[in-house]
file protein.pdb (PDB, C-alpha atoms)
MODEL        1
ATOM      1  CA  MET R 115     192.457 -85.043  17.159
ATOM      2  CA  LYS R 116     195.713 -83.632  15.834
ATOM      3  CA  ASN R 117     196.272 -79.898  15.734
ATOM      4  CA  LYS R 118     198.945 -80.405  13.070
ATOM      5  CA  VAL R 119     199.045 -82.829  10.173
ATOM      6  CA  ASN R 120     202.231 -84.864   9.669
ATOM      7  CA  VAL R 121     203.786 -84.254   6.265
ATOM      8  CA  ALA R 122     206.394 -86.174   4.259
ATOM      9  CA  VAL R 123     208.139 -84.649   1.240
ATOM     10  CA  LEU R 124     209.423 -86.990  -1.484
ATOM     11  CA  VAL R 125     212.365 -85.688  -3.514
ATOM     12  CA  SER R 126     214.908 -86.746  -6.109
ATOM     13  CA  GLY R 127     217.232 -83.781  -6.559
ATOM     14  CA  GLY R 128     218.199 -80.329  -5.389
ATOM     15  CA  GLY R 129     215.049 -79.691  -3.427
ATOM     16  CA  THR R 130     214.203 -76.109  -4.406
ATOM     17  CA  ASN R 131     210.480 -76.779  -3.894
ATOM     18  CA  LEU R 132     211.281 -78.480  -0.578
ATOM     19  CA  GLN R 133     213.161 -75.319   0.433
ATOM     20  CA  ALA R 134     210.100 -73.224  -0.437
ATOM     21  CA  LEU R 135     208.038 -75.458   1.882
ATOM     22  CA  LEU R 136     210.595 -75.359   4.706
ATOM     23  CA  ASP R 137     210.844 -71.562   4.426
ATOM     24  CA  ALA R 138     207.059 -71.167   4.407
ATOM     25  CA  GLU R 139     206.809 -73.371   7.492
ATOM     26  CA  ALA R 140     209.514 -71.329   9.228
ATOM     27  CA  ARG R 141     207.626 -68.104   8.380
ATOM     28  CA  GLY R 142     204.456 -69.551   9.900
ATOM     29  CA  GLU R 143     202.598 -69.742   6.572
ATOM     30  CA  ILE R 144     202.083 -73.490   6.994
ATOM     31  CA  LYS R 145     200.237 -73.600  10.301
ATOM     32  CA  SER R 146     198.219 -76.782   9.906
ATOM     33  CA  GLY R 147     201.009 -79.154   8.877
ATOM     34  CA  GLU R 148     204.501 -80.089   9.990
ATOM     35  CA  ILE R 149     207.182 -81.574   7.730
ATOM     36  CA  LYS R 150     208.358 -84.650   9.631
ATOM     37  CA  VAL R 151     210.519 -86.460   7.080
ATOM     38  CA  VAL R 152     212.084 -86.000   3.647
ATOM     39  CA  ILE R 153     212.456 -89.169   1.580
ATOM     40  CA  SER R 154     214.844 -89.230  -1.385
ATOM     41  CA  ASN R 155     215.117 -91.923  -4.052
ATOM     42  CA  LYS R 156     218.598 -90.635  -4.990
ATOM     43  CA  ALA R 157     221.624 -91.043  -2.755
ATOM     44  CA  GLY R 158     223.281 -87.739  -1.881
ATOM     45  CA  ALA R 159     220.419 -85.576  -3.189
ATOM     46  CA  TYR R 160     221.004 -82.002  -2.059
ATOM     47  CA  ALA R 161     217.414 -81.930  -0.814
ATOM     48  CA  LEU R 162     218.550 -84.133   2.103
ATOM     49  CA  GLU R 163     221.071 -81.449   3.068
ATOM     50  CA  ARG R 164     218.266 -78.874   3.047
ATOM     51  CA  ALA R 165     216.191 -81.118   5.320
ATOM     52  CA  LYS R 166     219.116 -81.535   7.723
ATOM     53  CA  ASN R 167     219.720 -77.780   7.829
ATOM     54  CA  SER R 168     216.091 -77.322   8.907
ATOM     55  CA  GLY R 169     216.247 -80.077  11.515
ATOM     56  CA  VAL R 170     214.037 -82.459   9.510
ATOM     57  CA  ASP R 171     214.872 -86.160   9.242
ATOM     58  CA  GLY R 172     216.044 -87.375   5.844
ATOM     59  CA  VAL R 173     215.749 -90.958   4.582
ATOM     60  CA  THR R 174     217.124 -92.454   1.357
ATOM     61  CA  VAL R 175     215.269 -95.325  -0.314
ATOM     62  CA  LEU R 176     216.979 -96.670  -3.442
ATOM     63  CA  LYS R 177     215.007 -98.714  -5.946
ATOM     64  CA  LYS R 178     218.023-100.792  -6.967
ATOM     65  CA  GLU R 179     218.601-101.851  -3.362
ATOM     66  CA  CYS R 180     214.981-102.918  -2.988
ATOM     67  CA  GLY R 181     215.004-105.348  -5.907
ATOM     68  CA  SER R 182     211.567-104.523  -7.324
ATOM     69  CA  PRO R 183     209.239-101.534  -7.718
ATOM     70  CA  GLU R 184     206.848-103.146  -5.214
ATOM     71  CA  ALA R 185     209.567-103.578  -2.605
ATOM     72  CA  PHE R 186     210.680 -99.975  -3.222
ATOM     73  CA  GLU R 187     207.173 -98.675  -2.547
ATOM     74  CA  ASP R 188     206.761-100.959   0.472
ATOM     75  CA  LYS R 189     209.951 -99.480   1.945
ATOM     76  CA  ILE R 190     208.647 -95.942   1.410
ATOM     77  CA  LEU R 191     205.302 -96.906   2.950
ATOM     78  CA  SER R 192     207.032 -98.319   6.017
ATOM     79  CA  VAL R 193     208.947 -95.045   6.468
ATOM     80  CA  LEU R 194     205.691 -93.087   6.102
ATOM     81  CA  GLU R 195     203.990 -95.305   8.664
ATOM     82  CA  SER R 196     206.863 -94.941  11.120
ATOM     83  CA  TYR R 197     206.385 -91.150  11.036
ATOM     84  CA  ASP R 198     202.579 -91.419  11.140
ATOM     85  CA  ILE R 199     202.329 -89.420   7.907
ATOM     86  CA  ASP R 200     198.984 -87.971   6.810
ATOM     87  CA  VAL R 201     199.993 -85.997   3.710
ATOM     88  CA  ILE R 202     202.670 -86.574   1.078
ATOM     89  CA  VAL R 203     204.149 -83.847  -1.111
ATOM     90  CA  LEU R 204     205.929 -84.840  -4.308
ATOM     91  CA  ALA R 205     208.523 -82.109  -4.820
ATOM     92  CA  GLY R 206     210.513 -83.076  -7.884
ATOM     93  CA  PHE R 207     210.149 -86.792  -7.118
ATOM     94  CA  LEU R 208     211.048 -88.521 -10.386
ATOM     95  CA  SER R 209     209.576 -91.929  -9.706
ATOM     96  CA  VAL R 210     205.970 -92.566 -10.712
ATOM     97  CA  LEU R 211     203.994 -94.110  -7.869
ATOM     98  CA  SER R 212     201.797 -97.107  -8.619
ATOM     99  CA  GLU R 213     198.014 -97.076  -8.457
ATOM    100  CA  ASN R 214     198.298 -99.367  -5.433
ATOM    101  CA  PHE R 215     200.415 -96.828  -3.569
ATOM    102  CA  VAL R 216     198.282 -93.832  -4.526
ATOM    103  CA  LYS R 217     195.070 -95.567  -3.392
ATOM    104  CA  LYS R 218     196.467 -95.856   0.126
ATOM    105  CA  TYR R 219     196.509 -92.051   0.386
ATOM    106  CA  PRO R 220     193.404 -90.786  -1.446
ATOM    107  CA  LYS R 221     193.457 -86.982  -1.710
ATOM    108  CA  ARG R 222     196.484 -87.004   0.561
ATOM    109  CA  ILE R 223     199.266 -86.820  -2.056
ATOM    110  CA  ILE R 224     199.962 -83.520  -3.792
ATOM    111  CA  ASN R 225     202.306 -82.711  -6.655
ATOM    112  CA  VAL R 226     203.499 -79.526  -8.297
ATOM    113  CA  HIS R 227     203.748 -79.509 -12.086
ATOM    114  CA  PRO R 228     205.454 -76.703 -14.040
ATOM    115  CA  SER R 229     202.656 -75.963 -16.515
ATOM    116  CA  LEU R 230     198.966 -75.127 -16.542
ATOM    117  CA  ILE R 231     197.466 -78.620 -16.625
ATOM    118  CA  PRO R 232     196.063 -79.974 -18.978
ATOM    119  CA  SER R 233     198.792 -78.385 -21.155
ATOM    120  CA  PHE R 234     202.240 -80.005 -21.343
ATOM    121  CA  CYS R 235     201.629 -82.738 -18.817
ATOM    122  CA  GLY R 236     201.444 -86.516 -18.566
ATOM    123  CA  ASP R 237     204.038 -89.239 -18.978
ATOM    124  CA  GLY R 238     207.493 -87.928 -19.805
ATOM    125  CA  PHE R 239     206.650 -84.291 -19.103
ATOM    126  CA  TYR R 240     208.885 -83.131 -16.273
ATOM    127  CA  GLY R 241     211.788 -80.779 -15.701
ATOM    128  CA  LEU R 242     213.036 -78.697 -18.616
ATOM    129  CA  ARG R 243     211.085 -80.684 -21.185
ATOM    130  CA  VAL R 244     207.838 -79.013 -20.052
ATOM    131  CA  HIS R 245     209.299 -75.546 -20.706
ATOM    132  CA  GLU R 246     210.910 -76.620 -23.978
ATOM    133  CA  GLU R 247     207.531 -77.822 -25.266
ATOM    134  CA  ALA R 248     205.726 -74.665 -24.109
ATOM    135  CA  LEU R 249     208.231 -72.477 -25.987
ATOM    136  CA  LYS R 250     208.150 -74.728 -29.047
ATOM    137  CA  TYR R 251     204.355 -74.534 -29.149
ATOM    138  CA  GLY R 252     204.461 -70.765 -28.878
ATOM    139  CA  VAL R 253     202.046 -70.312 -25.975
ATOM    140  CA  LYS R 254     202.141 -66.823 -24.451
ATOM    141  CA  VAL R 255     201.246 -67.916 -20.934
ATOM    142  CA  THR R 256     202.426 -70.896 -18.919
ATOM    143  CA  GLY R 257     202.508 -71.422 -15.154
ATOM    144  CA  ALA R 258     202.319 -74.072 -12.483
ATOM    145  CA  THR R 259     199.661 -76.387 -11.097
ATOM    146  CA  VAL R 260     199.390 -78.097  -7.726
ATOM    147  CA  HIS R 261     197.119 -81.112  -7.923
ATOM    148  CA  PHE R 262     196.160 -84.238  -6.041
ATOM    149  CA  VAL R 263     197.917 -87.365  -7.290
ATOM    150  CA  ASN R 264     195.820 -90.229  -8.618
ATOM    151  CA  GLU R 265     196.620 -93.222 -10.826
ATOM    152  CA  VAL R 266     196.864 -91.040 -13.969
ATOM    153  CA  THR R 267     200.112 -89.059 -14.401
ATOM    154  CA  ASP R 268     199.229 -85.393 -13.736
ATOM    155  CA  GLY R 269     195.561 -86.414 -13.824
ATOM    156  CA  GLY R 270     194.364 -85.677 -10.288
ATOM    157  CA  GLU R 271     192.049 -82.904  -9.169
ATOM    158  CA  ILE R 272     193.591 -79.435  -9.404
ATOM    159  CA  ILE R 273     194.045 -77.534  -6.126
ATOM    160  CA  PHE R 274     195.698 -74.291  -7.308
ATOM    161  CA  GLN R 275     197.042 -72.845 -10.549
ATOM    162  CA  LYS R 276     198.968 -69.688 -11.292
ATOM    163  CA  ALA R 277     199.773 -68.232 -14.689
ATOM    164  CA  VAL R 278     203.232 -66.973 -15.646
ATOM    165  CA  GLU R 279     203.908 -64.815 -18.687
ATOM    166  CA  ILE R 280     206.283 -66.038 -21.373
ATOM    167  CA  LYS R 281     208.615 -63.274 -22.562
ATOM    168  CA  ASP R 282     210.494 -62.697 -25.808
ATOM    169  CA  GLY R 283     213.917 -64.286 -25.659
ATOM    170  CA  ASP R 284     212.965 -66.847 -23.005
ATOM    171  CA  THR R 285     215.028 -70.015 -22.977
ATOM    172  CA  PRO R 286     213.737 -73.163 -21.226
ATOM    173  CA  GLU R 287     216.144 -72.419 -18.351
ATOM    174  CA  ILE R 288     215.005 -68.800 -17.915
ATOM    175  CA  LEU R 289     211.360 -69.842 -18.112
ATOM    176  CA  GLN R 290     211.878 -72.670 -15.620
ATOM    177  CA  LYS R 291     213.337 -70.221 -13.091
ATOM    178  CA  ARG R 292     210.495 -67.696 -13.578
ATOM    179  CA  VAL R 293     207.828 -70.399 -13.179
ATOM    180  CA  MET R 294     209.491 -71.590  -9.966
ATOM    181  CA  GLU R 295     209.852 -68.115  -8.473
ATOM    182  CA  GLU R 296     206.468 -66.695  -9.530
ATOM    183  CA  ALA R 297     204.305 -69.803  -9.246
ATOM    184  CA  GLU R 298     205.691 -73.081  -7.853
ATOM    185  CA  TRP R 299     207.274 -71.669  -4.699
ATOM    186  CA  LYS R 300     204.080 -69.746  -3.850
ATOM    187  CA  LEU R 301     201.480 -72.342  -4.822
ATOM    188  CA  LEU R 302     203.013 -75.389  -3.166
ATOM    189  CA  PRO R 303     203.130 -74.029   0.415
ATOM    190  CA  ALA R 304     199.631 -72.522  -0.004
ATOM    191  CA  ALA R 305     198.238 -75.813  -1.310
ATOM    192  CA  LEU R 306     199.875 -77.796   1.488
ATOM    193  CA  GLU R 307     198.371 -75.464   4.099
ATOM    194  CA  LYS R 308     194.932 -75.764   2.460
ATOM    195  CA  VAL R 309     195.052 -79.594   2.336
ATOM    196  CA  CYS R 310     196.287 -79.884   5.935
ATOM    197  CA  ASN R 311     193.728 -77.371   7.156
ATOM    198  CA  ASP R 312     190.933 -79.246   5.380
ATOM    199  CA  ILE R 313     192.026 -82.511   7.051
ATOM    200  CA  ILE R 314     191.996 -80.905  10.513
ATOM    201  CA  ASN R 315     188.597 -79.292   9.974
ATOM    202  CA  ASN R 316     186.782 -82.209   8.350
TER     203      ASN R 316
ENDMDL
END
call {"tool": "encode", "arguments": {"input": "protein.pdb", "output": "structure tokens"}}
result
Amino acid sequence: MKNKVNVAVLVSGGGTNLQALLDAEARGEIKSGEIKVVISNKAGAYALERAKNSGVDGVTVLKKECGSPEAFEDKILSVLESYDIDVIVLAGFLSVLSENFVKKYPKRIINVHPSLIPSFCGDGFYGLRVHEEALKYGVKVTGATVHFVNEVTDGGEIIFQKAVEIKDGDTPEILQKRVMEEAEWKLLPAALEKVCNDIINN
């Protein structure tokens, strides 16, 4: 019986959500899980630097070097197995995982999405586009959602949501930053702790 759950974080870019997780772990807010490895599908992603600064191993797996999507996922799976990973966090990971992959980790993969699902989600909705669409639609409230990952893009069971007010004069960039600061960076560590704690206690 483990007293801590082994966690992998999958990233593609700067790693601001990864940093929120690393900081929460350092503050003792994530008690039931430990980030063991950060896997990037982009060479030189700044997220790997963040991992290194926190003493966490970083691994790069490039799709083009693997030759096929299946080989790419197999390589990621072998890294996960080598670290005995129980839970996977997608933190700005811009590669959609296949149904095959997701089924290997039922209710063990979580993702943060920068809107209140089911609004502004699904295929093609990531990054600034989510905020652009929210502003275009004229909604007064947006937010972030942490959910389990299943075979449907942004379709898994919701773990936590938090609303964020849209203000007059918001640009997609300003809104993106507010959603990160007020919602994503709070929800993701809390959701990870909840999922890890549930695994330990079930």
call {"tool": "resolve_selection", "arguments": {"input": "protein.pdb", "expression": "the PyMOL selection byres ((chain R and resi 258) around 10)", "output": "list in words"}}
result
Val226, His227, Pro228, Ser229, Leu230, Ile231, Thr256, Gly257, Thr259, Val260, His261, Phe274, Gln275, Lys276, Ala277, Val278, Val293, Met294, Glu296, Ala297, Glu298, Trp299, Lys300, Leu301 and Leu302 of chain R
call {"tool": "resolve_selection", "arguments": {"input": "protein.pdb", "expression": "the PyMOL selection byres ((chain R and resi 307) around 12)", "output": "MDAnalysis selection string"}}
result
chainID R and resid 118:121 135 138:139 142:149 201 203 224 273:274 300:306 308:314
call {"tool": "atom_distance", "arguments": {"input": "protein.pdb", "atom1": "CA of Leu191 in chain R", "atom2": "CA of Lys218 in chain R"}}
result
9.3 Å
call {"tool": "resolve_selection", "arguments": {"input": "protein.pdb", "expression": "the PyMOL selection byres ((chain R and resi 151-162) around 9)", "output": "PyMOL selection string"}}
result
chain R and resi 120-130+132-133+149-150+163-167+170-177+190+193-194+197+199+207-209
call {"tool": "write_last_selection", "arguments": {"input": "protein.pdb", "atoms": "C-alpha atoms", "output": "PDB file, in the frame of the given file"}}
result
ATOM      1  CA  ASN R 120     202.231 -84.864   9.669  1.00  0.00           C
ATOM      2  CA  VAL R 121     203.786 -84.254   6.265  1.00  0.00           C
ATOM      3  CA  ALA R 122     206.394 -86.174   4.259  1.00  0.00           C
ATOM      4  CA  VAL R 123     208.139 -84.649   1.240  1.00  0.00           C
ATOM      5  CA  LEU R 124     209.423 -86.990  -1.484  1.00  0.00           C
ATOM      6  CA  VAL R 125     212.365 -85.688  -3.514  1.00  0.00           C
ATOM      7  CA  SER R 126     214.908 -86.746  -6.109  1.00  0.00           C
ATOM      8  CA  GLY R 127     217.232 -83.781  -6.559  1.00  0.00           C
ATOM      9  CA  GLY R 128     218.199 -80.329  -5.389  1.00  0.00           C
ATOM     10  CA  GLY R 129     215.049 -79.691  -3.427  1.00  0.00           C
ATOM     11  CA  THR R 130     214.203 -76.109  -4.406  1.00  0.00           C
ATOM     12  CA  LEU R 132     211.281 -78.480  -0.578  1.00  0.00           C
ATOM     13  CA  GLN R 133     213.161 -75.319   0.433  1.00  0.00           C
ATOM     14  CA  ILE R 149     207.182 -81.574   7.730  1.00  0.00           C
ATOM     15  CA  LYS R 150     208.358 -84.650   9.631  1.00  0.00           C
ATOM     16  CA  GLU R 163     221.071 -81.449   3.068  1.00  0.00           C
ATOM     17  CA  ARG R 164     218.266 -78.874   3.047  1.00  0.00           C
ATOM     18  CA  ALA R 165     216.191 -81.118   5.320  1.00  0.00           C
ATOM     19  CA  LYS R 166     219.116 -81.535   7.723  1.00  0.00           C
ATOM     20  CA  ASN R 167     219.720 -77.780   7.829  1.00  0.00           C
ATOM     21  CA  VAL R 170     214.037 -82.459   9.510  1.00  0.00           C
ATOM     22  CA  ASP R 171     214.872 -86.160   9.242  1.00  0.00           C
ATOM     23  CA  GLY R 172     216.044 -87.375   5.844  1.00  0.00           C
ATOM     24  CA  VAL R 173     215.749 -90.958   4.582  1.00  0.00           C
ATOM     25  CA  THR R 174     217.124 -92.454   1.357  1.00  0.00           C
ATOM     26  CA  VAL R 175     215.269 -95.325  -0.314  1.00  0.00           C
ATOM     27  CA  LEU R 176     216.979 -96.670  -3.442  1.00  0.00           C
ATOM     28  CA  LYS R 177     215.007 -98.714  -5.946  1.00  0.00           C
ATOM     29  CA  ILE R 190     208.647 -95.942   1.410  1.00  0.00           C
ATOM     30  CA  VAL R 193     208.947 -95.045   6.468  1.00  0.00           C
ATOM     31  CA  LEU R 194     205.691 -93.087   6.102  1.00  0.00           C
ATOM     32  CA  TYR R 197     206.385 -91.150  11.036  1.00  0.00           C
ATOM     33  CA  ILE R 199     202.329 -89.420   7.907  1.00  0.00           C
ATOM     34  CA  PHE R 207     210.149 -86.792  -7.118  1.00  0.00           C
ATOM     35  CA  LEU R 208     211.048 -88.521 -10.386  1.00  0.00           C
ATOM     36  CA  SER R 209     209.576 -91.929  -9.706  1.00  0.00           C
TER      37      SER R 209
END
call {"tool": "atom_distance", "arguments": {"input": "protein.pdb", "atom1": "CA of Phe186 in chain R", "atom2": "CA of Phe215 in chain R"}}
result
10.7 Å
call {"tool": "closest_residue", "arguments": {"input": "protein.pdb", "among": "R:Asn117, R:Thr285, R:Asn264, R:Asn315", "to": "Lys221 in chain R", "atoms": "all atoms listed in the file"}}
result
R:Asn264
call {"tool": "build_atoms", "arguments": {"input": "protein.pdb", "residues": "range 126-137 of chain R", "atoms": "all heavy atoms", "output": "CSV table (one decimal), in the coordinates of the input"}}
result
chain,number,residue,atom,x,y,z
R,126,SER,N,213.9,-86.0,-5.4
R,126,SER,CA,214.9,-86.7,-6.1
R,126,SER,C,216.2,-85.9,-6.4
R,126,SER,O,217.2,-86.5,-6.8
R,126,SER,CB,214.4,-87.2,-7.5
R,126,SER,OG,213.3,-88.1,-7.3
R,127,GLY,N,216.1,-84.6,-6.1
R,127,GLY,CA,217.2,-83.8,-6.6
R,127,GLY,C,217.6,-82.7,-5.6
R,127,GLY,O,217.7,-82.9,-4.4
R,128,GLY,N,217.7,-81.5,-6.2
R,128,GLY,CA,218.2,-80.3,-5.4
R,128,GLY,C,217.3,-79.8,-4.3
R,128,GLY,O,217.7,-79.2,-3.3
R,129,GLY,N,216.0,-80.0,-4.5
R,129,GLY,CA,215.0,-79.7,-3.4
R,129,GLY,C,214.7,-78.2,-3.3
R,129,GLY,O,214.4,-77.7,-2.2
R,130,THR,N,214.6,-77.5,-4.5
R,130,THR,CA,214.2,-76.1,-4.4
R,130,THR,C,212.8,-76.0,-3.9
R,130,THR,O,212.4,-75.1,-3.2
R,130,THR,CB,214.4,-75.4,-5.8
R,130,THR,OG1,213.8,-76.2,-6.8
R,130,THR,CG2,215.9,-75.2,-6.1
R,131,ASN,N,211.9,-76.8,-4.4
R,131,ASN,CA,210.5,-76.8,-3.9
R,131,ASN,C,210.4,-77.2,-2.4
R,131,ASN,O,209.6,-76.6,-1.7
R,131,ASN,CB,209.6,-77.7,-4.8
R,131,ASN,CG,209.1,-77.0,-6.0
R,131,ASN,OD1,208.8,-75.8,-6.0
R,131,ASN,ND2,209.2,-77.7,-7.1
R,132,LEU,N,211.2,-78.1,-2.0
R,132,LEU,CA,211.3,-78.5,-0.6
R,132,LEU,C,211.7,-77.3,0.2
R,132,LEU,O,211.1,-77.0,1.3
R,132,LEU,CB,212.3,-79.6,-0.4
R,132,LEU,CG,212.7,-79.9,1.1
R,132,LEU,CD1,211.5,-80.4,1.9
R,132,LEU,CD2,213.9,-80.8,1.2
R,133,GLN,N,212.7,-76.5,-0.3
R,133,GLN,CA,213.2,-75.3,0.4
R,133,GLN,C,212.0,-74.3,0.6
R,133,GLN,O,211.9,-73.7,1.6
R,133,GLN,CB,214.3,-74.7,-0.3
R,133,GLN,CG,215.1,-73.6,0.5
R,133,GLN,CD,215.7,-74.2,1.8
R,133,GLN,OE1,216.5,-75.1,1.7
R,133,GLN,NE2,215.4,-73.7,2.9
R,134,ALA,N,211.2,-74.2,-0.5
R,134,ALA,CA,210.1,-73.2,-0.4
R,134,ALA,C,209.1,-73.6,0.7
R,134,ALA,O,208.6,-72.8,1.4
R,134,ALA,CB,209.4,-73.2,-1.8
R,135,LEU,N,208.9,-74.9,0.8
R,135,LEU,CA,208.0,-75.5,1.9
R,135,LEU,C,208.6,-75.2,3.3
R,135,LEU,O,208.0,-74.8,4.2
R,135,LEU,CB,207.8,-77.0,1.7
R,135,LEU,CG,206.9,-77.4,0.5
R,135,LEU,CD1,207.0,-78.9,0.2
R,135,LEU,CD2,205.5,-76.9,0.7
R,136,LEU,N,209.9,-75.5,3.4
R,136,LEU,CA,210.6,-75.4,4.7
R,136,LEU,C,210.6,-73.9,5.1
R,136,LEU,O,210.3,-73.5,6.3
R,136,LEU,CB,212.0,-75.9,4.6
R,136,LEU,CG,212.2,-77.4,4.4
R,136,LEU,CD1,213.6,-77.7,4.1
R,136,LEU,CD2,211.8,-78.2,5.7
R,137,ASP,N,210.8,-73.0,4.1
R,137,ASP,CA,210.8,-71.6,4.4
R,137,ASP,C,209.5,-71.1,4.8
R,137,ASP,O,209.3,-70.3,5.7
R,137,ASP,CB,211.3,-70.8,3.2
R,137,ASP,CG,212.8,-71.0,2.9
R,137,ASP,OD1,213.5,-71.6,3.8
R,137,ASP,OD2,213.3,-70.6,1.8
